[in-house]
file entry_16.pdb (PDB, C-alpha atoms)
ATOM      1  CA  MET A   1      95.241 172.467  54.333  1.00  0.00           C
ATOM      2  CA  LYS A   2      96.434 170.990  57.600  1.00  0.00           C
ATOM      3  CA  LEU A   3     100.117 171.137  58.559  1.00  0.00           C
ATOM      4  CA  GLY A   4     100.368 167.325  58.593  1.00  0.00           C
ATOM      5  CA  GLU A   5      99.088 167.127  55.001  1.00  0.00           C
ATOM      6  CA  TRP A   6     101.512 169.814  53.846  1.00  0.00           C
ATOM      7  CA  ILE A   7     104.504 168.198  55.577  1.00  0.00           C
ATOM      8  CA  GLU A   8     103.677 164.877  53.872  1.00  0.00           C
ATOM      9  CA  LYS A   9     103.357 166.527  50.457  1.00  0.00           C
ATOM     10  CA  TRP A  10     106.498 168.610  50.948  1.00  0.00           C
ATOM     11  CA  PHE A  11     108.516 165.634  52.194  1.00  0.00           C
ATOM     12  CA  ALA A  12     107.371 163.419  49.304  1.00  0.00           C
ATOM     13  CA  GLY A  13     108.598 165.974  46.768  1.00  0.00           C
ATOM     14  CA  LEU A  14     111.806 166.880  48.574  1.00  0.00           C
ATOM     15  CA  ARG A  15     114.888 166.362  46.416  1.00  0.00           C
ATOM     16  CA  VAL A  16     117.653 165.474  48.863  1.00  0.00           C
ATOM     17  CA  GLU A  17     120.157 162.710  49.464  1.00  0.00           C
ATOM     18  CA  ALA A  18     118.880 159.445  50.920  1.00  0.00           C
ATOM     19  CA  THR A  19     120.770 160.081  54.163  1.00  0.00           C
ATOM     20  CA  THR A  20     119.050 163.459  54.584  1.00  0.00           C
ATOM     21  CA  ARG A  21     115.673 161.860  53.913  1.00  0.00           C
ATOM     22  CA  ALA A  22     116.458 159.137  56.466  1.00  0.00           C
ATOM     23  CA  GLY A  23     117.292 161.806  59.056  1.00  0.00           C
ATOM     24  CA  TYR A  24     114.147 163.863  58.400  1.00  0.00           C
ATOM     25  CA  GLU A  25     111.628 161.024  58.366  1.00  0.00           C
ATOM     26  CA  PRO A  26     111.746 159.973  62.042  1.00  0.00           C
ATOM     27  CA  LYS A  27     111.771 163.565  63.271  1.00  0.00           C
ATOM     28  CA  ILE A  28     108.690 164.361  61.185  1.00  0.00           C
ATOM     29  CA  ARG A  29     106.920 161.138  62.182  1.00  0.00           C
ATOM     30  CA  LEU A  30     107.812 161.164  65.886  1.00  0.00           C
ATOM     31  CA  HIS A  31     108.211 164.796  66.899  1.00  0.00           C
ATOM     32  CA  ILE A  32     106.369 167.084  64.477  1.00  0.00           C
ATOM     33  CA  LYS A  33     103.257 165.328  63.241  1.00  0.00           C
ATOM     34  CA  PRO A  34     101.987 163.919  66.560  1.00  0.00           C
ATOM     35  CA  HIS A  35     101.989 167.367  68.141  1.00  0.00           C
ATOM     36  CA  ILE A  36     100.918 169.897  65.505  1.00  0.00           C
ATOM     37  CA  GLU A  37      99.766 168.024  62.400  1.00  0.00           C
ATOM     38  CA  ALA A  38      96.075 168.850  62.953  1.00  0.00           C
ATOM     39  CA  LYS A  39      96.670 172.612  62.988  1.00  0.00           C
ATOM     40  CA  LYS A  40      95.827 174.453  59.776  1.00  0.00           C
ATOM     41  CA  LEU A  41      98.943 175.460  57.865  1.00  0.00           C
ATOM     42  CA  ARG A  42      97.913 179.114  57.700  1.00  0.00           C
ATOM     43  CA  ASP A  43      97.172 179.197  61.458  1.00  0.00           C
ATOM     44  CA  VAL A  44     100.607 178.045  62.679  1.00  0.00           C
ATOM     45  CA  THR A  45     102.463 180.834  64.469  1.00  0.00           C
ATOM     46  CA  GLY A  46     105.938 181.317  65.857  1.00  0.00           C
ATOM     47  CA  ASP A  47     104.414 180.934  69.328  1.00  0.00           C
ATOM     48  CA  ASP A  48     103.038 177.504  68.361  1.00  0.00           C
ATOM     49  CA  LEU A  49     106.508 176.455  67.253  1.00  0.00           C
ATOM     50  CA  ASP A  50     108.088 177.869  70.422  1.00  0.00           C
ATOM     51  CA  ALA A  51     105.630 175.809  72.496  1.00  0.00           C
ATOM     52  CA  LEU A  52     106.540 172.714  70.477  1.00  0.00           C
ATOM     53  CA  TYR A  53     110.272 173.312  70.968  1.00  0.00           C
ATOM     54  CA  ARG A  54     109.924 173.876  74.734  1.00  0.00           C
ATOM     55  CA  MET A  55     107.759 170.760  75.052  1.00  0.00           C
ATOM     56  CA  LEU A  56     110.318 168.650  73.150  1.00  0.00           C
ATOM     57  CA  GLU A  57     113.092 170.007  75.401  1.00  0.00           C
ATOM     58  CA  THR A  58     111.275 169.277  78.654  1.00  0.00           C
ATOM     59  CA  VAL A  59     108.929 166.293  78.252  1.00  0.00           C
ATOM     60  CA  PRO A  60     110.498 162.814  78.431  1.00  0.00           C
ATOM     61  CA  CYS A  61     110.486 161.072  75.062  1.00  0.00           C
ATOM     62  CA  ALA A  62     110.079 157.308  74.752  1.00  0.00           C
ATOM     63  CA  THR A  63     112.250 157.252  71.631  1.00  0.00           C
ATOM     64  CA  ASN A  64     115.074 159.024  73.493  1.00  0.00           C
ATOM     65  CA  LYS A  65     115.456 156.578  76.399  1.00  0.00           C
ATOM     66  CA  GLY A  66     112.901 158.505  78.424  1.00  0.00           C
ATOM     67  CA  LYS A  67     114.832 161.773  78.276  1.00  0.00           C
ATOM     68  CA  PRO A  68     113.735 165.027  76.625  1.00  0.00           C
ATOM     69  CA  LEU A  69     115.307 165.855  73.270  1.00  0.00           C
ATOM     70  CA  GLY A  70     118.545 167.784  73.277  1.00  0.00           C
ATOM     71  CA  ALA A  71     119.008 171.251  71.840  1.00  0.00           C
ATOM     72  CA  LYS A  72     120.681 169.885  68.700  1.00  0.00           C
ATOM     73  CA  SER A  73     117.697 167.633  67.881  1.00  0.00           C
ATOM     74  CA  VAL A  74     115.194 170.412  68.543  1.00  0.00           C
ATOM     75  CA  ARG A  75     117.240 172.760  66.356  1.00  0.00           C
ATOM     76  CA  HIS A  76     117.172 170.125  63.590  1.00  0.00           C
ATOM     77  CA  ILE A  77     113.387 169.883  63.917  1.00  0.00           C
ATOM     78  CA  HIS A  78     113.217 173.677  63.588  1.00  0.00           C
ATOM     79  CA  ASN A  79     115.307 173.520  60.409  1.00  0.00           C
ATOM     80  CA  ILE A  80     112.989 170.888  58.927  1.00  0.00           C
ATOM     81  CA  LEU A  81     109.914 172.969  59.743  1.00  0.00           C
ATOM     82  CA  SER A  82     111.552 176.106  58.417  1.00  0.00           C
ATOM     83  CA  GLY A  83     112.220 174.381  55.091  1.00  0.00           C
ATOM     84  CA  ALA A  84     108.649 173.116  54.864  1.00  0.00           C
ATOM     85  CA  PHE A  85     107.244 176.566  55.649  1.00  0.00           C
ATOM     86  CA  ASP A  86     109.615 178.230  53.152  1.00  0.00           C
ATOM     87  CA  ALA A  87     108.241 175.901  50.476  1.00  0.00           C
ATOM     88  CA  ALA A  88     104.682 176.786  51.521  1.00  0.00           C
ATOM     89  CA  VAL A  89     105.497 180.492  51.172  1.00  0.00           C
ATOM     90  CA  THR A  90     106.987 179.850  47.717  1.00  0.00           C
ATOM     91  CA  LYS A  91     103.790 177.994  46.698  1.00  0.00           C
ATOM     92  CA  LYS A  92     101.779 180.946  48.096  1.00  0.00           C
ATOM     93  CA  LEU A  93      99.972 178.718  50.601  1.00  0.00           C
ATOM     94  CA  ILE A  94     100.932 181.059  53.458  1.00  0.00           C
ATOM     95  CA  PRO A  95     102.119 184.684  53.402  1.00  0.00           C
ATOM     96  CA  VAL A  96     105.101 184.332  55.790  1.00  0.00           C
ATOM     97  CA  ASN A  97     107.227 181.603  57.340  1.00  0.00           C
ATOM     98  CA  PRO A  98     106.229 181.280  61.028  1.00  0.00           C
ATOM     99  CA  ALA A  99     109.559 179.584  61.789  1.00  0.00           C
ATOM    100  CA  ALA A 100     111.249 182.919  61.056  1.00  0.00           C
ATOM    101  CA  THR A 101     109.787 184.365  64.268  1.00  0.00           C
ATOM    102  CA  ALA A 102     110.219 181.230  66.397  1.00  0.00           C
ATOM    103  CA  ASN A 103     112.965 180.852  68.973  1.00  0.00           C
ATOM    104  CA  PRO A 104     114.599 177.429  68.661  1.00  0.00           C
ATOM    105  CA  PRO A 105     117.665 176.519  70.697  1.00  0.00           C
ATOM    106  CA  THR A 106     120.648 178.465  69.441  1.00  0.00           C
ATOM    107  CA  ILE A 107     123.630 176.844  67.766  1.00  0.00           C
ATOM    108  CA  ARG A 108     125.638 177.788  70.848  1.00  0.00           C
ATOM    109  CA  GLN A 109     123.183 175.939  73.124  1.00  0.00           C
ATOM    110  CA  ALA A 110     123.312 172.889  70.867  1.00  0.00           C
ATOM    111  CA  LYS A 111     127.111 172.870  70.905  1.00  0.00           C
ATOM    112  CA  SER A 112     127.268 173.296  74.675  1.00  0.00           C
ATOM    113  CA  GLN A 113     125.325 170.055  75.130  1.00  0.00           C
ATOM    114  CA  GLN A 114     127.701 168.009  72.996  1.00  0.00           C
ATOM    115  CA  ARG A 115     129.772 165.570  74.985  1.00  0.00           C
ATOM    116  CA  LYS A 116     133.501 166.080  75.003  1.00  0.00           C
ATOM    117  CA  PHE A 117     135.532 162.931  74.429  1.00  0.00           C
ATOM    118  CA  VAL A 118     139.103 162.602  75.560  1.00  0.00           C
ATOM    119  CA  THR A 119     141.472 162.057  72.683  1.00  0.00           C
ATOM    120  CA  LEU A 120     145.061 160.954  72.880  1.00  0.00           C
ATOM    121  CA  ASP A 121     147.924 162.720  71.185  1.00  0.00           C
ATOM    122  CA  ASP A 122     150.690 160.713  69.491  1.00  0.00           C
ATOM    123  CA  ALA A 123     152.713 160.324  72.687  1.00  0.00           C
ATOM    124  CA  GLY A 124     149.653 159.194  74.672  1.00  0.00           C
ATOM    125  CA  THR A 125     148.737 156.682  71.978  1.00  0.00           C
ATOM    126  CA  ALA A 126     152.299 155.322  71.999  1.00  0.00           C
ATOM    127  CA  ARG A 127     152.217 154.909  75.802  1.00  0.00           C
ATOM    128  CA  PHE A 128     148.814 153.192  75.647  1.00  0.00           C
ATOM    129  CA  LEU A 129     149.928 150.761  72.961  1.00  0.00           C
ATOM    130  CA  ALA A 130     153.237 150.057  74.715  1.00  0.00           C
ATOM    131  CA  ASP A 131     151.349 149.162  77.890  1.00  0.00           C
ATOM    132  CA  ILE A 132     148.979 146.718  76.254  1.00  0.00           C
ATOM    133  CA  TRP A 133     150.999 145.221  73.384  1.00  0.00           C
ATOM    134  CA  THR A 134     153.626 143.509  75.462  1.00  0.00           C
ATOM    135  CA  PRO A 135     155.251 140.292  74.248  1.00  0.00           C
ATOM    136  CA  CYS A 136     153.801 137.164  75.803  1.00  0.00           C
ATOM    137  CA  GLY A 137     157.222 135.617  76.411  1.00  0.00           C
ATOM    138  CA  ARG A 138     156.867 132.779  73.925  1.00  0.00           C
ATOM    139  CA  ARG A 139     159.802 132.076  71.688  1.00  0.00           C
ATOM    140  CA  GLY A 140     158.103 133.423  68.539  1.00  0.00           C
ATOM    141  CA  CYS A 141     156.771 136.523  70.213  1.00  0.00           C
ATOM    142  CA  GLY A 142     158.276 139.693  68.889  1.00  0.00           C
ATOM    143  CA  PRO A 143     157.386 143.149  67.635  1.00  0.00           C
ATOM    144  CA  LEU A 144     155.176 141.798  64.802  1.00  0.00           C
ATOM    145  CA  HIS A 145     153.571 138.966  66.791  1.00  0.00           C
ATOM    146  CA  TYR A 146     150.309 139.639  68.623  1.00  0.00           C
ATOM    147  CA  CYS A 147     149.012 136.988  70.941  1.00  0.00           C
ATOM    148  CA  THR A 148     145.467 135.709  71.070  1.00  0.00           C
ATOM    149  CA  ARG A 149     145.181 137.235  74.544  1.00  0.00           C
ATOM    150  CA  ASP A 150     145.175 140.599  72.735  1.00  0.00           C
ATOM    151  CA  ALA A 151     142.467 139.580  70.224  1.00  0.00           C
ATOM    152  CA  PRO A 152     139.633 141.509  71.951  1.00  0.00           C
ATOM    153  CA  LEU A 153     141.655 144.686  71.657  1.00  0.00           C
TER     154      LEU A 153
END

call {"tool": "encode", "arguments": {"input": "entry_16.pdb", "output": "structure tokens"}}
result
Amino acid sequence: MKLGEWIEKWFAGLRVEATTRAGYEPKIRLHIKPHIEAKKLRDVTGDDLDALYRMLETVPCATNKGKPLGAKSVRHIHNILSGAFDAAVTKKLIPVNPAATANPPTIRQAKSQQRKFVTLDDAGTARFLADIWTPCGRRGCGPLHYCTRDAPL
């Protein structure tokens, strides 16, 4: 059996939440199947998976605005493959899970690529709101009146 056939069969029988299924489907369709679906399931090795992961991390991807995939996405792809191979081992289609010997990006690498967003504490939020929610000067303007000039906010 080819890897692409097994992934399809495994995915069709997977009992997960709809949101999980929606997250797996594009990664299988766009990043797993096009690259290694033709390989026989029993012939896939950890080295094959390592080559896939390095390729996904370095080659620009049209579905990612022309940038390579990040470590978190590649790690997610590894987790999907690991689950599919675990199921193949359980069904006795292969003797061992090749994902167990692969080297995907580590959790630490994935976390280091996450963007840090500035957050305001209570005092910063109060200063921000005080600066922008100023009365317009009309007679009815007060603490509970917000002018249409502030509507976009």

call {"tool": "atom_distance", "arguments": {"input": "entry_16.pdb", "atom1": "CA of Phe117 in chain A", "atom2": "CA of Ser73 in chain A"}}
result
19.6 Å

call {"tool": "residues_near_point", "arguments": {"input": "entry_16.pdb", "point": "(123.9, 176.0, 71.3)", "cutoff": "12 Å", "atoms": "only C-alpha atoms", "output": "PyMOL selection string"}}
result
chain A and resi 70-76+104-114

call {"tool": "closest_residue", "arguments": {"input": "entry_16.pdb", "among": "A:Lys116, A:Lys65, A:His78, A:Lys9", "to": "His31 in chain A", "atoms": "only C-alpha atoms"}}
result
A:His78

call {"tool": "residues_around", "arguments": {"input": "entry_16.pdb", "residues": "Ile77 in chain A", "least_positions_apart": "6", "cutoff": "8 Å", "atoms": "all atoms listed in the file", "output": "compact mmCIF listing (two decimals) with C-alpha atoms, in the frame of the given file"}}
result
# COMPACT_ATOMS: atom_id res chain seq x y z
CA LYS A 27 111.77 163.56 63.27
CA ILE A 28 108.69 164.36 61.18
CA HIS A 31 108.21 164.80 66.90
CA ILE A 32 106.37 167.08 64.48

call {"tool": "residues_around", "arguments": {"input": "entry_16.pdb", "residues": "His35 in chain A", "least_positions_apart": "4", "cutoff": "10 Å", "atoms": "all atoms listed in the file", "output": "list of chain:residue names"}}
result
A:Gly4, A:Arg29, A:Leu30, A:His31, A:Lys39, A:Leu52, A:Met55, A:Leu56

call {"tool": "resolve_selection", "arguments": {"input": "entry_16.pdb", "expression": "the PyMOL selection byres ((chain A and resi 46) around 6)", "output": "PyMOL selection string"}}
result
chain A and resi 45+47-49+98-99+101-102

call {"tool": "write_last_selection", "arguments": {"input": "entry_16.pdb", "atoms": "C-alpha atoms", "output": "JSON list (two decimals), in the frame of the given file"}}
result
[["chain", "number", "residue", "atom", "x", "y", "z"],
["A", 45, "THR", "CA", 102.46, 180.83, 64.47],
["A", 47, "ASP", "CA", 104.41, 180.93, 69.33],
["A", 48, "ASP", "CA", 103.04, 177.50, 68.36],
["A", 49, "LEU", "CA", 106.51, 176.46, 67.25],
["A", 98, "PRO", "CA", 106.23, 181.28, 61.03],
["A", 99, "ALA", "CA", 109.56, 179.58, 61.79],
["A", 101, "THR", "CA", 109.79, 184.36, 64.27],
["A", 102, "ALA", "CA", 110.22, 181.23, 66.40]]

call {"tool": "axis_aligned_box", "arguments": {"input": "entry_16.pdb", "around": "range 32-38 of chain A", "padding_each_side": "6 Å", "output": "JSON"}}
result
{"center_x": 101.2, "center_y": 166.9, "center_z": 65.3, "size_x": 22.3, "size_y": 18.0, "size_z": 17.7}

call {"tool": "closest_residue", "arguments": {"input": "entry_16.pdb", "among": "A:Asp131, A:Ala123, A:Thr63, A:Ala87", "to": "Phe11 in chain A", "atoms": "only C-alpha atoms"}}
result
A:Ala87

call {"tool": "resolve_selection", "arguments": {"input": "entry_16.pdb", "expression": "the PyMOL selection byres ((chain A and resi 68) around 9)", "output": "list in words"}}
result
Met55, Leu56, Glu57, Thr58, Val59, Pro60, Cys61, Ala62, Asn64, Lys65, Gly66, Lys67, Leu69 and Gly70 of chain A

call {"tool": "closest_residue", "arguments": {"input": "entry_16.pdb", "among": "A:Thr125, A:Lys33, A:Ala51, A:Arg42", "to": "Leu93 in chain A", "atoms": "all atoms listed in the file"}}
result
A:Arg42

call {"tool": "atom_distance", "arguments": {"input": "entry_16.pdb", "atom1": "CA of Lys92 in chain A", "atom2": "CA of Leu41 in chain A"}}
result
11.6 Å
